[in-house]
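Coordinates as given in data.cif (mmCIF, C-alpha atoms):
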data_coords
#
loop_
_atom_site.label_atom_id
_atom_site.label_comp_id
_atom_site.auth_asym_id
_atom_site.auth_seq_id
_atom_site.Cartn_x
_atom_site.Cartn_y
_atom_site.Cartn_z
CA MET A 1 -68.06 -18.29 -12.59
CA SER A 2 -67.69 -14.80 -13.93
CA ASP A 3 -64.28 -13.95 -15.27
CA GLN A 4 -64.91 -10.25 -14.78
CA PRO A 5 -61.92 -8.61 -13.19
CA GLN A 6 -62.49 -7.34 -9.70
CA ALA A 7 -60.81 -4.04 -9.27
CA GLY A 8 -58.13 -4.63 -6.77
CA GLU A 9 -57.01 -7.76 -8.56
CA LEU A 10 -53.81 -7.87 -10.50
CA THR A 11 -52.61 -10.71 -12.67
CA TYR A 12 -49.45 -11.28 -14.61
CA THR A 13 -48.70 -14.37 -16.66
CA ARG A 14 -45.55 -15.66 -18.34
CA VAL A 15 -44.57 -18.95 -19.96
CA PHE A 16 -41.08 -20.30 -19.33
CA ASP A 17 -39.18 -22.98 -21.20
CA ALA A 18 -38.43 -25.01 -18.10
CA PRO A 19 -39.98 -27.83 -16.10
CA ARG A 20 -42.47 -26.83 -13.45
CA GLU A 21 -40.40 -28.17 -10.54
CA LEU A 22 -37.45 -26.03 -11.56
CA VAL A 23 -39.54 -22.88 -11.94
CA PHE A 24 -41.09 -23.48 -8.54
CA GLN A 25 -37.62 -23.90 -7.02
CA CYS A 26 -36.54 -20.62 -8.59
CA MET A 27 -39.44 -18.82 -6.97
CA THR A 28 -38.74 -20.30 -3.54
CA GLU A 29 -34.96 -20.57 -3.11
CA PRO A 30 -32.79 -17.54 -2.27
CA GLU A 31 -29.96 -18.96 -4.40
CA HIS A 32 -32.27 -18.57 -7.38
CA LEU A 33 -34.28 -15.52 -6.32
CA THR A 34 -31.13 -13.44 -6.06
CA HIS A 35 -30.73 -13.80 -9.84
CA PHE A 36 -34.03 -12.24 -10.81
CA TRP A 37 -36.11 -10.83 -7.97
CA GLY A 38 -35.09 -7.22 -8.51
CA PRO A 39 -36.28 -5.70 -11.78
CA ALA A 40 -33.76 -4.09 -14.16
CA GLY A 41 -31.30 -1.90 -12.32
CA VAL A 42 -32.16 -3.39 -8.94
CA SER A 43 -30.15 -6.11 -7.18
CA THR A 44 -31.24 -8.48 -4.46
CA PRO A 45 -28.13 -9.95 -2.83
CA ARG A 46 -28.43 -13.53 -1.62
CA GLU A 47 -27.88 -12.47 2.00
CA ASN A 48 -30.76 -10.00 1.71
CA ILE A 49 -33.29 -12.76 1.05
CA THR A 50 -35.06 -14.75 3.74
CA VAL A 51 -37.17 -17.75 2.80
CA ASP A 52 -38.77 -19.87 5.50
CA LEU A 53 -40.84 -22.08 3.27
CA ARG A 54 -43.75 -23.13 5.45
CA PRO A 55 -47.14 -21.61 6.22
CA GLY A 56 -46.45 -18.71 8.60
CA GLY A 57 -42.80 -18.60 7.54
CA ALA A 58 -41.11 -15.42 6.37
CA PHE A 59 -40.47 -14.34 2.79
CA GLU A 60 -38.38 -11.20 3.00
CA ALA A 61 -36.08 -9.34 0.67
CA VAL A 62 -34.15 -6.11 0.64
CA MET A 63 -33.59 -4.88 -2.88
CA VAL A 64 -30.90 -2.36 -3.70
CA ASN A 65 -31.06 0.16 -6.49
CA ASP A 66 -27.84 -0.22 -8.48
CA ALA A 67 -27.74 3.43 -9.42
CA ASP A 68 -28.14 5.20 -6.09
CA GLY A 69 -27.92 2.45 -3.47
CA SER A 70 -31.39 3.14 -2.14
CA SER A 71 -33.14 0.06 -0.82
CA TYR A 72 -36.67 -1.32 -0.78
CA GLU A 73 -37.84 -3.88 1.71
CA MET A 74 -40.45 -6.57 1.33
CA HIS A 75 -41.81 -8.43 4.33
CA ALA A 76 -44.22 -11.20 3.49
CA VAL A 77 -45.44 -14.35 5.18
CA TYR A 78 -46.12 -17.63 3.40
CA VAL A 79 -49.72 -18.78 3.54
CA GLU A 80 -49.69 -21.88 1.38
CA ILE A 81 -46.97 -23.97 -0.21
CA SER A 82 -48.18 -26.68 -2.57
CA GLU A 83 -45.08 -27.68 -4.46
CA PRO A 84 -44.92 -27.48 -7.41
CA GLU A 85 -48.24 -25.96 -8.41
CA ARG A 86 -49.16 -23.21 -5.99
CA LEU A 87 -47.49 -20.68 -3.75
CA VAL A 88 -49.26 -18.04 -1.66
CA TRP A 89 -47.79 -15.29 0.45
CA THR A 90 -49.28 -12.26 2.11
CA ASP A 91 -47.88 -8.95 3.19
CA PRO A 92 -49.26 -8.27 6.67
CA GLY A 93 -48.34 -4.60 6.37
CA THR A 94 -50.47 -4.05 3.33
CA GLY A 95 -52.92 -6.95 3.48
CA MET A 96 -51.97 -7.83 -0.07
CA THR A 97 -51.95 -11.50 -0.94
CA THR A 98 -49.97 -12.89 -3.85
CA THR A 99 -50.80 -16.26 -5.36
CA SER A 100 -48.42 -17.83 -7.85
CA THR A 101 -49.83 -20.68 -9.89
CA PHE A 102 -47.49 -22.95 -11.84
CA THR A 103 -49.07 -24.86 -14.70
CA ASP A 104 -47.25 -27.63 -16.54
CA LEU A 105 -47.94 -27.01 -20.23
CA GLY A 106 -46.02 -30.10 -21.32
CA GLY A 107 -42.98 -30.08 -23.56
CA ASN A 108 -40.84 -28.63 -20.79
CA ARG A 109 -42.93 -25.47 -20.63
CA THR A 110 -44.43 -23.91 -17.52
CA GLU A 111 -46.90 -21.09 -17.17
CA VAL A 112 -46.58 -18.89 -14.12
CA ARG A 113 -49.57 -16.80 -13.18
CA ILE A 114 -49.17 -14.15 -10.51
CA HIS A 115 -52.45 -13.10 -8.99
CA GLN A 116 -52.68 -10.40 -6.36
CA VAL A 117 -55.61 -9.08 -4.39
CA ASN A 118 -56.18 -6.10 -2.13
CA VAL A 119 -54.56 -3.80 -4.55
CA PRO A 120 -55.44 -0.45 -2.99
CA GLU A 121 -53.70 -1.35 0.27
CA PRO A 122 -50.21 -1.70 -1.13
CA PHE A 123 -50.04 2.02 -1.56
CA ARG A 124 -49.91 2.27 2.18
CA SER A 125 -46.31 1.11 2.41
CA PRO A 126 -43.23 2.43 0.63
CA GLU A 127 -41.97 -1.08 -0.09
CA ALA A 128 -45.16 -1.90 -1.88
CA GLN A 129 -44.79 1.22 -3.94
CA ALA A 130 -41.44 -0.16 -4.97
CA GLY A 131 -43.39 -2.61 -6.99
CA PHE A 132 -44.67 -5.75 -5.38
CA VAL A 133 -47.75 -5.69 -7.44
CA THR A 134 -48.44 -6.34 -11.01
CA SER A 135 -50.55 -4.97 -13.74
CA LEU A 136 -54.23 -4.50 -13.32
CA ASP A 137 -54.59 -6.80 -16.29
CA ARG A 138 -57.80 -6.07 -18.10
CA CYS A 139 -58.40 -2.99 -16.06
CA ALA A 140 -55.02 -1.81 -17.27
CA ASP A 141 -56.05 -2.39 -20.86
CA TYR A 142 -59.21 -0.53 -20.16
CA LEU A 143 -57.36 2.41 -18.69
CA SER A 144 -54.83 2.49 -21.47
CA ARG A 145 -57.70 2.69 -23.94
CA LEU A 146 -59.08 5.62 -22.00
CA VAL A 147 -55.77 7.33 -21.73
CA SER A 148 -54.77 6.85 -25.34
CA GLY A 149 -56.96 7.23 -28.38
CA GLU A 150 -60.45 6.89 -27.06
CA ALA A 151 -60.05 9.43 -24.33
CA SER A 152 -58.56 12.17 -26.46
CA ARG A 153 -60.88 14.84 -27.58
CA MET B 1 -47.90 7.06 3.52
CA THR B 2 -47.39 9.97 1.20
CA ALA B 3 -50.26 12.14 0.02
CA ALA B 4 -49.66 11.01 -3.55
CA ALA B 5 -49.82 7.36 -2.54
CA SER B 6 -52.99 7.98 -0.58
CA ARG B 7 -54.57 9.71 -3.56
CA LEU B 8 -53.61 6.86 -5.85
CA ASP B 9 -55.10 4.51 -3.31
CA ASP B 10 -58.35 6.49 -3.39
CA MET B 11 -58.36 6.49 -7.17
CA PHE B 12 -58.03 2.71 -7.30
CA ILE B 13 -60.86 2.36 -4.83
CA ALA B 14 -62.95 4.74 -6.94
CA LEU B 15 -62.20 2.72 -10.07
CA ALA B 16 -63.05 -0.52 -8.29
CA ASP B 17 -66.72 0.02 -9.05
CA PRO B 18 -68.10 -0.86 -12.50
CA THR B 19 -70.61 2.01 -12.49
CA ARG B 20 -67.88 4.50 -11.71
CA ARG B 21 -65.67 3.02 -14.42
CA ALA B 22 -68.56 3.43 -16.85
CA ILE B 23 -68.94 7.05 -15.76
CA VAL B 24 -65.23 7.61 -16.34
CA ALA B 25 -65.51 6.00 -19.76
CA ARG B 26 -68.43 8.26 -20.63
CA LEU B 27 -66.59 11.36 -19.46
CA ALA B 28 -63.57 10.36 -21.52
CA ARG B 29 -65.75 11.24 -24.52
CA GLY B 30 -66.58 14.66 -23.14
CA ASP B 31 -68.13 16.56 -20.24
CA ALA B 32 -71.60 15.52 -19.19
CA THR B 33 -74.29 16.54 -16.71
CA VAL B 34 -75.53 14.31 -13.93
CA ASN B 35 -78.71 13.67 -15.91
CA GLU B 36 -76.75 12.61 -18.96
CA LEU B 37 -74.55 10.36 -16.88
CA ALA B 38 -77.53 8.76 -15.16
CA ALA B 39 -79.36 8.01 -18.41
CA PRO B 40 -77.67 4.68 -19.29
CA PHE B 41 -78.00 3.35 -15.74
CA ASP B 42 -80.98 2.01 -13.89
CA MET B 43 -80.16 4.28 -11.04
CA THR B 44 -81.60 7.29 -9.25
CA LEU B 45 -79.95 10.69 -9.51
CA PRO B 46 -78.90 10.59 -5.85
CA GLY B 47 -77.36 7.18 -6.54
CA ILE B 48 -75.33 8.59 -9.41
CA SER B 49 -74.44 11.63 -7.34
CA LYS B 50 -72.94 9.39 -4.70
CA HIS B 51 -70.67 7.81 -7.30
CA LEU B 52 -69.73 11.23 -8.65
CA LYS B 53 -68.75 12.38 -5.16
CA VAL B 54 -66.35 9.43 -4.85
CA LEU B 55 -64.81 10.26 -8.20
CA GLU B 56 -64.63 13.95 -7.31
CA ARG B 57 -63.04 13.37 -3.91
CA CYS B 58 -60.09 11.46 -5.36
CA GLY B 59 -59.59 14.03 -8.09
CA LEU B 60 -60.58 11.90 -11.07
CA ILE B 61 -63.36 14.30 -12.01
CA THR B 62 -64.17 17.92 -11.36
CA ARG B 63 -67.47 19.75 -11.57
CA THR B 64 -67.70 23.30 -12.74
CA ARG B 65 -69.63 25.66 -10.55
CA SER B 66 -71.42 27.53 -13.30
CA ALA B 67 -75.20 27.33 -13.66
CA GLN B 68 -77.40 24.61 -12.27
CA PHE B 69 -76.07 21.90 -14.57
CA ARG B 70 -72.55 21.62 -13.14
CA PRO B 71 -71.18 19.42 -15.92
CA CYS B 72 -68.66 16.76 -14.86
CA HIS B 73 -65.21 16.81 -16.34
CA LEU B 74 -62.69 13.97 -16.40
CA GLU B 75 -59.25 14.94 -15.09
CA ARG B 76 -57.01 13.19 -17.59
CA ALA B 77 -53.85 13.86 -15.58
CA ALA B 78 -55.26 11.97 -12.60
CA LEU B 79 -56.21 9.03 -14.78
CA ASP B 80 -52.73 9.11 -16.30
CA GLU B 81 -51.32 8.76 -12.80
CA VAL B 82 -53.25 5.53 -12.31
CA ALA B 83 -52.25 4.21 -15.72
CA ASP B 84 -48.61 5.10 -15.07
CA TRP B 85 -48.63 3.20 -11.81
CA ILE B 86 -50.07 0.14 -13.47
CA ALA B 87 -47.55 0.35 -16.29
CA GLU B 88 -44.70 0.68 -13.82
CA ASN B 89 -45.73 -2.45 -11.97
CA GLN B 90 -46.25 -4.33 -15.20
CA ARG B 91 -42.72 -3.30 -16.12
CA ILE B 92 -41.30 -4.60 -12.84
CA TRP B 93 -42.88 -8.04 -13.18
CA SER B 94 -41.94 -8.13 -16.83
CA GLN B 95 -38.29 -7.40 -16.06
CA ARG B 96 -38.28 -9.82 -13.16
CA PHE B 97 -39.59 -12.54 -15.43
CA ASP B 98 -37.12 -11.62 -18.16
CA LYS B 99 -34.36 -12.21 -15.64
CA LEU B 100 -35.96 -15.45 -14.45
CA ASP B 101 -36.16 -16.63 -18.05
CA GLN B 102 -32.43 -15.98 -18.51
CA HIS B 103 -31.68 -17.70 -15.22
CA LEU B 104 -33.70 -20.78 -16.19
CA ARG B 105 -31.93 -20.95 -19.53
CA GLY B 106 -28.60 -20.77 -17.78
CA LEU B 107 -29.56 -23.55 -15.38
CA GLN B 108 -30.56 -25.78 -18.26
CA GLY B 109 -27.62 -24.89 -20.48
CA MET B 110 -29.89 -23.41 -23.10
CA PRO B 111 -28.90 -20.69 -25.54
CA GLY B 112 -29.60 -17.12 -24.59
CA THR B 113 -27.38 -17.18 -21.54
CA ALA B 114 -24.39 -14.98 -20.89
CA PRO B 115 -21.57 -15.81 -23.31
CA PRO B 116 -18.69 -17.91 -21.92
CA GLN B 117 -15.94 -15.96 -20.24
CA HIS B 118 -12.79 -15.40 -22.25
CA GLY B 119 -9.85 -17.46 -21.10
CA GLU B 120 -12.01 -20.25 -19.78
CA ASP B 121 -12.04 -23.68 -21.28
CA ILE B 122 -15.11 -24.42 -23.29
CA HIS B 123 -16.00 -28.05 -23.10
CA GLU B 124 -17.58 -29.51 -26.17
#
Whole structure given in structure tokens:
Amino acid sequence: MSDQPQAGELTYTRVFDAPRELVFQCMTEPEHLTHFWGPAGVSTPRENITVDLRPGGAFEAVMVNDADGSSYEMHAVYVEISEPERLVWTDPGTGMTTTSTFTDLGGNRTEVRIHQVNVPEPFRSPEAQAGFVTSLDRCADYLSRLVSGEASR
Amino acid sequence: MTAAASRLDDMFIALADPTRRAIVARLARGDATVNELAAPFDMTLPGISKHLKVLERCGLITRTRSAQFRPCHLERAALDEVADWIAENQRIWSQRFDKLDQHLRGLQGMPGTAPPQHGEDIHE
């Protein structure tokens, strides 16, 4: 009932101008993932992506830094696939679980909410440090307040 | 796991507790003694001390050794490290979603996609 953030929870939300089914496909098909999975300056070639879309199936990617060729690996396992509204995978190495929720907003718009738990653990693996976690949401706001104006003395 | 990653891990665990976050928020306004920190909480001094030890162990706060008061001091650089990590990950998801947005536009033939290649026929 409480909407208080648990530390260790990260959320990230974005609204896309696209139907929910299409957004879901993009998040689950290597042909699509290769176009966006790496952040700026990082590529994820199609052949580097493994998607076995079933509970217990693999979700793996090797991302390559465009500048220096260094690579980051992600090894996750799907937990739940409820097309087109929910997708859950977990990283057995870190214990971190990522839930993607796809909400049809109507008018061809879809909200994607990424929710991740077990945040401290990801620091245990280099691939997680490469960024398979999101912002600490409200905790991030809180910290930024501390770090900026309010904390200065 | 690197020492830095382990420390960051410890800092996140330390910040996972609302009382400890409140202590950090209080110390952001200036150094304070254990008694001063305990005042707003319905908590014993040993209880507060336990929280302070967690914060101290991960490097978020330090305690000076002078006198019996040992005021607590927030280590801004350590807190910056946490904030930087969060910002970095926010940036990664943000860029990933920027790319996804472009990709979705391309799939649907919406504006905002890469311009057509020169020399190719453009069908009306």
Using the chain letters and numbers from the file, give me the residues hit by the PyMOL selection byres ((chain B and resi 55) around 12), as a PyMOL selection string. chain B and resi 7-8+10-17+19-24+27+48-54+56-63+72-75+78-79
With the file shown as input, list the residues that the PyMOL selection byres ((chain A and resi 16) around 9) selects, as a ChimeraX atom specification. /A:14-15,17-20,23,108-112 /B:97,100-101,104
Pick from A:Thr28, A:Thr103, A:Gln116, A:Thr50: nearest to Met63 in chain A, with all atoms listed in the file counted?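 Counting all atoms listed in the file, the residue closest to Met63 in chain A is A:Thr50.
Once the PyMOL selection byres ((chain B) within 7 of (chain A)) is applied to the shown structure, the selection contains Met1, Ala5, Ser6, Asp9, Phe12, Ile13, Leu15, Ala16, Ala25, Ala28, Arg29, Asp80, Ala83, Ile86, Ala87, Asn89, Gln90, Ile92, Trp93, Gln95, Arg96, Lys99, Leu100, Asp101, His103 and Leu104 of chain B.
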So that I have them on file, write out the residues from the current selection with C-alpha atoms, as a tab-separated table (two decimals), in the frame of the given file.
chain	number	residue	atom	x	y	z
B	1	MET	CA	-47.90	7.06	3.52
B	5	ALA	CA	-49.82	7.36	-2.54
B	6	SER	CA	-52.99	7.98	-0.58
B	9	ASP	CA	-55.10	4.51	-3.31
B	12	PHE	CA	-58.03	2.71	-7.30
B	13	ILE	CA	-60.86	2.36	-4.83
B	15	LEU	CA	-62.20	2.72	-10.07
B	16	ALA	CA	-63.05	-0.52	-8.29
B	25	ALA	CA	-65.51	6.00	-19.76
B	28	ALA	CA	-63.57	10.36	-21.52
B	29	ARG	CA	-65.75	11.24	-24.52
B	80	ASP	CA	-52.73	9.11	-16.30
B	83	ALA	CA	-52.25	4.21	-15.72
B	86	ILE	CA	-50.07	0.14	-13.47
B	87	ALA	CA	-47.55	0.35	-16.29
B	89	ASN	CA	-45.73	-2.45	-11.97
B	90	GLN	CA	-46.25	-4.33	-15.20
B	92	ILE	CA	-41.30	-4.60	-12.84
B	93	TRP	CA	-42.88	-8.04	-13.18
B	95	GLN	CA	-38.29	-7.40	-16.06
B	96	ARG	CA	-38.28	-9.82	-13.16
B	99	LYS	CA	-34.36	-12.21	-15.64
B	100	LEU	CA	-35.96	-15.45	-14.45
B	101	ASP	CA	-36.16	-16.63	-18.05
B	103	HIS	CA	-31.68	-17.70	-15.22
B	104	LEU	CA	-33.70	-20.78	-16.19
Exercise on range 5-12 of chain B, axis-aligned box with 3 Å per side, report centre and edge lengths in Å to one decimal, as JSON:
{"center_x": -54.1, "center_y": 6.2, "center_z": -3.9, "size_x": 14.5, "size_y": 13.0, "size_z": 12.7}
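Here CA of Asn65 in chain A and CA of Asn48 in chain A stand 13.1 Å from one another.
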Which is closer to Tyr78 in chain A than all the others in A:Gly107, A:Gly56, A:Pro45, A:Pro92, using all atoms listed in the file?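 Among the listed residues, the smallest separation from Tyr78 in chain A belongs to A:Gly56.
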To one decimal in Å, tell me the separation between CA of Glu83 in chain A and CA of Gly106 in chain A.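 Atom-to-atom, CA of Glu83 in chain A to CA of Gly106 in chain A, that is 17.1 Å.
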What does the structure give for the distance between CA of Val34 in chain B and CA of Val82 in chain B, in Å to one decimal? 24.0 Å
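With all atoms listed in the file as the basis for measurement, B:Arg70 is the residue among B:Arg65, B:Pro18, B:Arg70, B:Ala77 that approaches Asn35 in chain B most closely.
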